[in-house]
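Before any comments, here is the structure.
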Amino acid sequence: MRKTVLAIDDSRTMRDMLRVALTAEGFDVQLAEDGIDGLEKLRHVQPAVVITDINMPRLDGFGVIDGVRSDERFRRTPVLVLTTESAAELKQRAKAAGATGWIVKPFERTKLVSVLNRLVA
Amino acid sequence: MDPMEEIRQTFFIECEELLENLESGLLAMNEGEADEETVNSVFRAVHSIKGGAGAFALENLVAFAHKFETTLDEVRAGRLEPSAEVMNVFLRSADVLSDLVTAAQEGADTPSEAADGLIGELLALIGAEPEPAGKAEGGDVAFSPMPLALGDADDAPDFAPQPLDLPDLGAAAPAGHAVHFRPHPRLYELGSEPVLLIRALSDLGEVSARAETGAVPRLDAFDWEKTYLSLDLRMEGAPGAEAIEEVFEFVDGECDLKIEDADDPSGGPSGGDPLPPGPPPADESPPPASPPPAEPAPLPPTASQAAPAEPAGQKKPAPGAGARSTVRVDLDRVDRLVNLIGELVISQAAIAQCVENPDAQAGAHSSNALEEFKQLTREIQDSVMAIRTQPVKPLFQRMQRIVREAAAATGKSVRLKTEGETTEVDKTVIERLADPLTHMIRNAVDHGLEGPGKRLEAGKDEEGTVCLNAAHQSGRVVIEISDDGAGINRERVRAIAVDKGLIHENAPLSDAEIDNLLFAPGFSTAKEVSNLSGRGVGMDVVKRAIQALGGRISIASQPGRGTTFSISLPLTLAVLDGMVVTVEGHTVVVPLTAIVETLKPLPEQIHRVGGESPVIAIRDSFIPIVDLGVRFGYRSPVRDLDQHVILLIETEETSRAALIVDRIVDQRQVVIKSLEENYGHVPGVAAATILGNGQIALILDTDDLVARTAPAPAIAAVA
Amino acid sequence: MSNGTPAAEGADREIVAFRIADQEYGIDIMTVREIRGWTAATPLPQAPSYVRGVINLRGAVLPVVDLGTRFGMPPREESSRSVIIVVQAGTQLVGLIVDAVADILSISHDHLQPTPQVASEAAQAFVESVAAVDERMIQLIRLQEVFGHDAAQAA
């Protein structure tokens, strides 16, 4: 069965990249363009993994993590935050907030896939 | 299209939007009107540009965006006050960022002095030292741009895996590693799963595992939220310790983890020997929560890791290549169109019914249905045109930068006020308006406004004001560029015009006529072109550009109060206001903007210069007559010119011609169709249109037509 | 046929055959977009004589070329029985005015012969090869030669 990834990012370029890379790897990719949009889609999509940007309009990535973790159905759903290496301290903040891990932008497709394989069966 | 190329285009379209947000956000901050979200959106814009640029290995763009972002972050965090000085650097940085994006889009992601200079200023704002060229600062090392899949070796920066603080295993690589792993409850809470981690390890080499189950409690004491298991793993082969570490990258801190060389005396599991107990079990730990095999068992490697990197896609596109022109459309407009089409289908069905089932009232019904159909068609036409229109806001925003640069270059203090930014104009009009507008704005700052000293003398505010307004007026768009400067120096303009031989020394000219000399070809020459508004371009070029858009430009000036240029433009380029005429049985459309007046000539008005070339005397000027029928090869010259109609047309060069046609049919809007697409340029013809009867009519290019006719423009036949 | 022959050489080509005066011509079916009835064209000023003008092809402006005139035949009366073959030449769509479309033929490469030397020079420039089908002689046209140059000149 195809695993669904919910990717939340306000940058269309980044959404497109995630869509292209993950679709090619056999994931079903659902996109959302900010935190609110992401949490709304969460319930319908029932993703196996959530990938979220941090800095977004309306609701940021930390808000997304809270929203995912506070929903009983997604309490253990892996959440990856998108970050740049230069924002290294964000990784620890995100984990403290409940994120599972991170994806460093710009990402290599193989790296992205190996990260996802460590998180979804 | 190659998906990466498509994303690249998306990226540049997005950049355009982000740069607009950046500019308007910064301007709001500059006016002190910025709330927290504005500052955030400014930060996000730069951040997103950096993110996308990284994926396309645009190193210079990334480097600049990164410094810009870092400094913006200080403001966002409240550590740096957005003072006037800081905002000045930000605004200029936005300009440079925009330049870098443009350069990158054209395939030239190269270092720029402007960028380097501003990086220094940005760093100075946060008290950091500009780094020596070519060296990244400590914190930045890892953000090396990395192409996602372009795979172009020339573009790909050297990317070394980030070194970790691990002993170099180099030449004396051990035969394997022993890994001790004991997950904490938090590991599960954060969504990680040990089984998957071990499977990932098995992709690196053969793994045997042994579970330490001593801590697992009896079933009734079992707490599903707790972890009771620790694992000792043995990795065969020689994957780098970094690779193993990377598997546990996300759970560092949520587990006990120890990675050692297999041969290390303190060693891990060797062969199938029972293991010494791990770290002393904490009091809450016993039996396994998730059950990995308790016996050493090689795990089958999974195939997914083997996914090869995307093959080298197409090479970086040639500069400027492949940039499709796109339009951003409000969803509302698309919805409206969809609704209209829905109604059209219903209307069509109604008409079909009238036709198929004629009854006593069919006539009335069908004319109603037709009326509705016509109405819908008109609405659909409007809706489709609306899709091509865009607000002038981005164009106006770009002018802020022009004013900044012009002000800096002239040492004047200038403020640009914009109004009517939501006014919508055809996208193509906006694009082609950028150059003329830029030129006029520069002119306004350079020539229009006085220096600060003179302004103070005249009792004006030291800071000059340039206003840019847009508004809809009777089916056209009017854009006004005004300054509160000294107004046109008519004495001087007149002197220059006499000097250039444009007018006679004693020519009696009204103020308006003098002002209009600014538009005369040859008025502006390199001599009075300052290096700012200059480039050898005069207002005549501006006028021509506006006319090419079907627009008109006019000027009004008040001494001591300032000058205003007004540009009137059609709402769209897809439709043209035309006069439909016939010539020798052929229907031709003449653009209305070119026509000054229409007249029925009297025989005594027509003169023949040198016997052949006819001219017509209109109000003391002799204007050459152009017989369209002859020019288009429809007929040979006729003698009875007074039996025809004359359209007096004015060309871009402000020369006039009298166009002979047979009859005026109508005056209306026509939809412009390209001739170039399937054929090519036809002299004297601008485009074509399709008439109601399905026939094609040509649309005249009056300038071209006249230019090919009259080598000597009849400037002043002053009687 | 030897093994070394590229596969394409023996393969059939699908040709749309049409008549102008008493001659038969053919063009590759892949270049043909549609075939439509005669419509009066709007003449273009200063166009070569064989460019009859432009017609409305569902909202686009389509130039139409009188192939006969192009091939150096004397100009003939336009006839409502004429047919316009819309072809794709490079990026452009062009209409070819011909007397009638005969049929669609599959021609094996083996049946193609070089243009006979007897043909006029003009014909030789436009005709790429000649196919003998039953008793008929069909001249295959080199589309690029027909308007390649002139279209470029006009542009």
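Identifiers in this document derive from the order of the structure tokens: chains are assigned A, B, ..., residues are numbered from 1 separately in each chain, and ligands are numbered from 1 in order of occurrence.
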Exercise. Tell me the residues of chain B close to chain C, meaning within 12 Å using only C-alpha atoms, as a VMD selection string.
Key: chain B and resid 585 to 588 628 to 635 671 to 700 705
Practice problem: For Glu33 (chain A), please output as a list in words all residues within 8 Å (counting only C-alpha atoms; exclusion window: fewer than 4 positions along the same chain). | Solution: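 My reading of the contact set: Ile8, Asp9, Asp10, Ser11, Arg12, Asp37 and Gly38 of chain A.
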Self-check item: Test item: residues at most 9 Å from Leu22 (chain A), only C-alpha atoms, excluding those fewer than 3 positions along its chain, as number ranges by chain
Solution: A: 5, 17-19, 25-29, 109, 112-113
Mind dumping a table of every chain A residue within 6 Å of chain B, with the nearest atom pair and its distance in Å to one decimal, using only C-alpha atoms, sorted by chain and rising number, as CSV?
residue,atom,partner,partner_atom,distance
A:Thr13,CA,B:Phe11,CA,5.1
A:Arg76,CA,B:Gly191,CA,4.4
A:Thr77,CA,B:Gly191,CA,5.3
A:Pro78,CA,B:Gly191,CA,4.4
A:Glu85,CA,B:Phe143,CA,5.5
A:Ser86,CA,B:Asp140,CA,5.5
A:Gly98,CA,B:Leu190,CA,5.5
A:Ala99,CA,B:Leu190,CA,5.9
A:Thr100,CA,B:Leu190,CA,4.8
A:Gly101,CA,B:Phe250,CA,5.0
A:Pro106,CA,B:Ala55,CA,5.1
A:Glu108,CA,B:Leu148,CA,5.4
A:Arg118,CA,B:Leu196,CA,5.1
Self-check item: Sel. of strand (DSSP E) residues, region 4-147 of chain C, as an MDAnalysis selection string
Solution: chainID C and resid 12:20 23:28 32:37 51:57 60:66 83:89 92:98 100:108 112:113 127:133 136:141
Quiz item: Among region 40-150 of chain C, which ones does DSSP place in helix (DSSP H, G or I), written as a ChimeraX atom specification?
Solution: /C:67-70,109-111,121-126,143-150
Write the residues you've just listed into a file as a PDB file, in the first residue's frame, and include C-alpha atoms for each of them.
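Written out: result_39.pdb:
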ATOM      1  CA  LEU C  67       0.810  25.210 -54.707  1.00  0.00           C
ATOM      2  CA  GLY C  68       0.277  25.297 -58.448  1.00  0.00           C
ATOM      3  CA  THR C  69       1.484  28.881 -58.695  1.00  0.00           C
ATOM      4  CA  ARG C  70       4.339  28.023 -56.402  1.00  0.00           C
ATOM      5  CA  HIS C 109      10.539   3.042 -49.558  1.00  0.00           C
ATOM      6  CA  ASP C 110      11.445   0.597 -52.237  1.00  0.00           C
ATOM      7  CA  HIS C 111       8.966   2.299 -54.532  1.00  0.00           C
ATOM      8  CA  GLU C 121      14.111  22.937 -62.250  1.00  0.00           C
ATOM      9  CA  ALA C 122      11.374  24.414 -60.092  1.00  0.00           C
ATOM     10  CA  ALA C 123       9.753  21.029 -59.736  1.00  0.00           C
ATOM     11  CA  GLN C 124      13.066  19.448 -58.860  1.00  0.00           C
ATOM     12  CA  ALA C 125      13.535  21.922 -56.033  1.00  0.00           C
ATOM     13  CA  PHE C 126      10.188  21.066 -54.456  1.00  0.00           C
ATOM     14  CA  LEU C 143       7.499  21.054 -47.508  1.00  0.00           C
ATOM     15  CA  GLN C 144      10.367  23.125 -46.173  1.00  0.00           C
ATOM     16  CA  GLU C 145      11.291  24.137 -49.725  1.00  0.00           C
ATOM     17  CA  VAL C 146       7.778  25.293 -50.453  1.00  0.00           C
ATOM     18  CA  PHE C 147       7.752  28.101 -47.933  1.00  0.00           C
ATOM     19  CA  GLY C 148      10.804  27.647 -45.803  1.00  0.00           C
ATOM     20  CA  HIS C 149      12.722  30.439 -47.468  1.00  0.00           C
ATOM     21  CA  ASP C 150       9.940  32.774 -48.278  1.00  0.00           C
TER      22      ASP C 150
END
Quiz item: Separation of CA of Glu135 (chain C) and CA of Pro116 (chain C), in Å?
Solution: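 The value is 16.0 Å.
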Quiz prompt | Nearest residue to Val79 (chain A) from the set A:Met14, A:Lys91, A:Val50, A:His44 (distances using only C-alpha atoms) | solution =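 Selected residue with least distance to Val79 (chain A): A:Val50.
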Practice problem: Compile the contact shell of Ile36 (chain A) as a PyMOL selection string: residues with an atom at most 10 Å away, counting only C-alpha atoms, same-chain residues fewer than 5 positions apart removed. | Solution: chain A and resi 8+41-42+56-61+63-64+67
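Residue nearest Thr110 (chain A), chosen from A:Ala94, A:Leu82, A:Leu39, A:Ala21 and counting only C-alpha atoms: A:Ala21.
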